[in-house]
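Contents: one structure, followed by commentary.
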Amino acid sequence: MNHHFITELNRLRQQLCDQGRVVEQAIRQAIQAFQTGDVALAYCVMDNDAVIDQEEIRIEEECLKTLALYQPVARDLRTVISCIKMNASLERMADFAGHMAERAVHVASLSLDGNQEMFDFSPMEHLVLEQLQDTLKVIETSDACLAYKIIERDDEVDAMRREHRVHARTALASSPAFAEYFIDCIGLARDLERIADLAIDICQQMVYLQTGSIVRHA
């Protein structure tokens, strides 16, 4: 049974890695759609969200089946529970990619004349994508040291979101005619921060898996 259980755990990890790559692509496409006004790409992201949802359900069912069949304890139990939680976090990331895609469609429909101040999300997008890539490595390699490093960088994304929020409020006060655009910018910054937060959740779960220590509120 141990051999079969290890094989099943490896398969679950591979499924998580595959799901992570699909989610990463969705986030990249949503960012690109917002940057370029590519409505077709934005709709593609929204349409693909249903596929990610179905895969999330399938992986969860596989985890529950593993619990029922092998009745793992101690570290093995933590492994399956961690897979369930990381799977849910990946699906939520995809939801925020969908939110960004919706904002991209809305911004593309606005009558922007070029006089309003345009926001540059590139630094924040780059940081979030880098954090996401590292988090996918954590899932693949179970690298608790890398997970700790990602957790320690959480404040950087939070600070960028605060800067964008202050910036948007200032721009809104001086150019109220473009309120809808600025509100979408505030929303986009929040979506990016939530993706980063979910990456942190996955890393904290990996630390728990490897050490048994809960670091969520540390």
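In the structure tokens, each chain is lettered A, B, ... as it comes, each chain's residues begin at 1, and ligands are numbered from 1 in order of appearance.
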All residues 9 Å or closer to Phe96 (chain A), only C-alpha atoms, same chain fewer than 5 positions away omitted, as a PyMOL selection string
chain A and resi 27+91+101+191-192+194-195
So that I have them on file, write out the residues from the current selection with N, CA and C atoms, as a compact mmCIF listing (two decimals), in the first residue's frame.
```
# COMPACT_ATOMS: atom_id res chain seq x y z
N ILE A 27 -3.45 34.26 -15.73
CA ILE A 27 -3.08 35.54 -15.12
C ILE A 27 -2.28 36.39 -16.10
N GLU A 91 -7.24 27.78 -7.68
CA GLU A 91 -8.53 28.10 -8.32
C GLU A 91 -8.94 29.53 -8.03
N ALA A 101 -9.73 40.22 -16.25
CA ALA A 101 -10.20 40.17 -17.63
C ALA A 101 -11.49 40.97 -17.78
N ASP A 191 -6.78 42.99 -7.23
CA ASP A 191 -6.73 41.64 -7.78
C ASP A 191 -5.30 41.09 -7.76
N LEU A 192 -4.34 41.91 -8.16
CA LEU A 192 -2.95 41.48 -8.16
C LEU A 192 -2.47 41.17 -6.75
N ARG A 194 -4.34 40.18 -4.26
CA ARG A 194 -4.98 38.96 -3.79
C ARG A 194 -4.29 37.73 -4.40
N ILE A 195 -3.85 37.81 -5.64
CA ILE A 195 -3.10 36.70 -6.24
C ILE A 195 -1.82 36.46 -5.46
```
Quick one: everything within 12 Å of Thr170 (chain A), counting only C-alpha atoms, minus sequence neighbours fewer than 5 positions away in the same chain. Send it as a PyMOL selection string.
chain A and resi 117+163-165+175-176+179+182-183+186
Limited to N, CA and C atoms, could you put the picked residues into a file as a tab-separated table (two decimals), in the first residue's frame?
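Dumped to selection_34.tsv:
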```tsv
chain	number	residue	atom	x	y	z
A	117	GLU	N	-4.71	60.51	-16.88
A	117	GLU	CA	-3.45	59.88	-16.49
A	117	GLU	C	-3.59	58.37	-16.56
A	163	GLU	N	0.15	52.23	-2.79
A	163	GLU	CA	0.58	53.34	-3.64
A	163	GLU	C	-0.40	53.58	-4.79
A	164	HIS	N	-0.85	52.49	-5.42
A	164	HIS	CA	-1.81	52.62	-6.51
A	164	HIS	C	-3.15	53.18	-6.01
A	165	ARG	N	-3.56	52.77	-4.83
A	165	ARG	CA	-4.83	53.25	-4.28
A	165	ARG	C	-4.76	54.75	-4.01
A	175	SER	N	-9.58	64.48	-11.79
A	175	SER	CA	-10.19	64.18	-13.09
A	175	SER	C	-11.39	63.26	-12.90
A	176	PRO	N	-12.45	63.75	-12.28
A	176	PRO	CA	-13.62	62.90	-11.97
A	176	PRO	C	-14.31	62.35	-13.22
A	179	ALA	N	-13.63	58.64	-13.77
A	179	ALA	CA	-13.78	57.89	-12.52
A	179	ALA	C	-13.81	56.37	-12.77
A	182	PHE	N	-10.33	54.96	-13.22
A	182	PHE	CA	-9.54	54.94	-11.99
A	182	PHE	C	-10.04	53.87	-11.01
A	183	ILE	N	-11.35	53.67	-10.97
A	183	ILE	CA	-11.91	52.63	-10.10
A	183	ILE	C	-11.46	51.25	-10.58
A	186	ILE	N	-7.95	50.74	-9.35
A	186	ILE	CA	-7.93	50.34	-7.95
A	186	ILE	C	-8.26	48.85	-7.84
```
Env of Asp38 (chain A): 10 Å cut, atoms = only C-alpha atoms, seq-sep filter 6 positions within chain, self excluded. Answer as a list of chain:residue names.
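In the requested format, the answer is A:Gln29, A:Ala30, A:Gln32, A:Ala101, A:Ala104, A:Val105, A:Ala108.
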Go ahead and write the selection's residues with C-alpha atoms as an mmCIF file, in the first residue's frame.
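again_13.cif was written with the following content:
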```cif
data_model
loop_
_atom_site.group_PDB
_atom_site.id
_atom_site.type_symbol
_atom_site.label_atom_id
_atom_site.label_comp_id
_atom_site.auth_asym_id
_atom_site.auth_seq_id
_atom_site.Cartn_x
_atom_site.Cartn_y
_atom_site.Cartn_z
ATOM 1 C CA GLN A 29 -3.274 36.716 -20.407
ATOM 2 C CA ALA A 30 -5.502 38.807 -18.154
ATOM 3 C CA GLN A 32 -1.912 41.450 -21.216
ATOM 4 C CA ALA A 101 -10.201 40.170 -17.629
ATOM 5 C CA ALA A 104 -10.010 44.810 -19.251
ATOM 6 C CA VAL A 105 -13.276 44.521 -21.179
ATOM 7 C CA ALA A 108 -11.771 48.925 -23.427
#
```
Using only C-alpha atoms, pick whichever of A:Glu102, A:Asp143, A:Glu24, A:Asp95 has the shortest atom-to-atom distance to Ala40 (chain A).
A:Glu102
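Using only C-alpha atoms, the shortest contact distance between Val51 (chain A) and any of A:Gln19, A:Ser109, A:Gln131, A:Gln205 is found at A:Gln19.
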Two-atom distance - CA of Gln133 (chain A), CA of Val207 (chain A) (Å)
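Between CA of Gln133 (chain A) and CA of Val207 (chain A) the gap is 17.2 Å.
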Neighbouring residues of region 6-17 of chain A were defined as those with any atom within 10 Å, considering only C-alpha atoms; residues of the same chain fewer than 6 positions away were excluded. Please report them as a list in words.
Val23, Glu55, Glu56, Arg58, Ile59, Glu60, Glu62, Cys63, Thr66, Asp76, Thr79, Val80, Cys83, Ile84, Met86, Asn87, Leu90, Leu136, Lys137, Val138, Ile139, Glu140, Thr141 and Ser142 of chain A
When you count only C-alpha atoms, which of these residues is closest to Arg103 (chain A): A:Ala189, A:Ala171, A:Ala88, A:Ala147?
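Closest to Arg103 (chain A) of all the choices is A:Ala189.
Pairwise distance (CA of Leu209 (chain A), CA of Ser82 (chain A)) equals 6.7 Å.
With distances restricted to only C-alpha atoms, A:Ile200 is the closest residue to Ile150 (chain A) from A:Cys185, A:Ile200, A:Ile214, A:Leu127.
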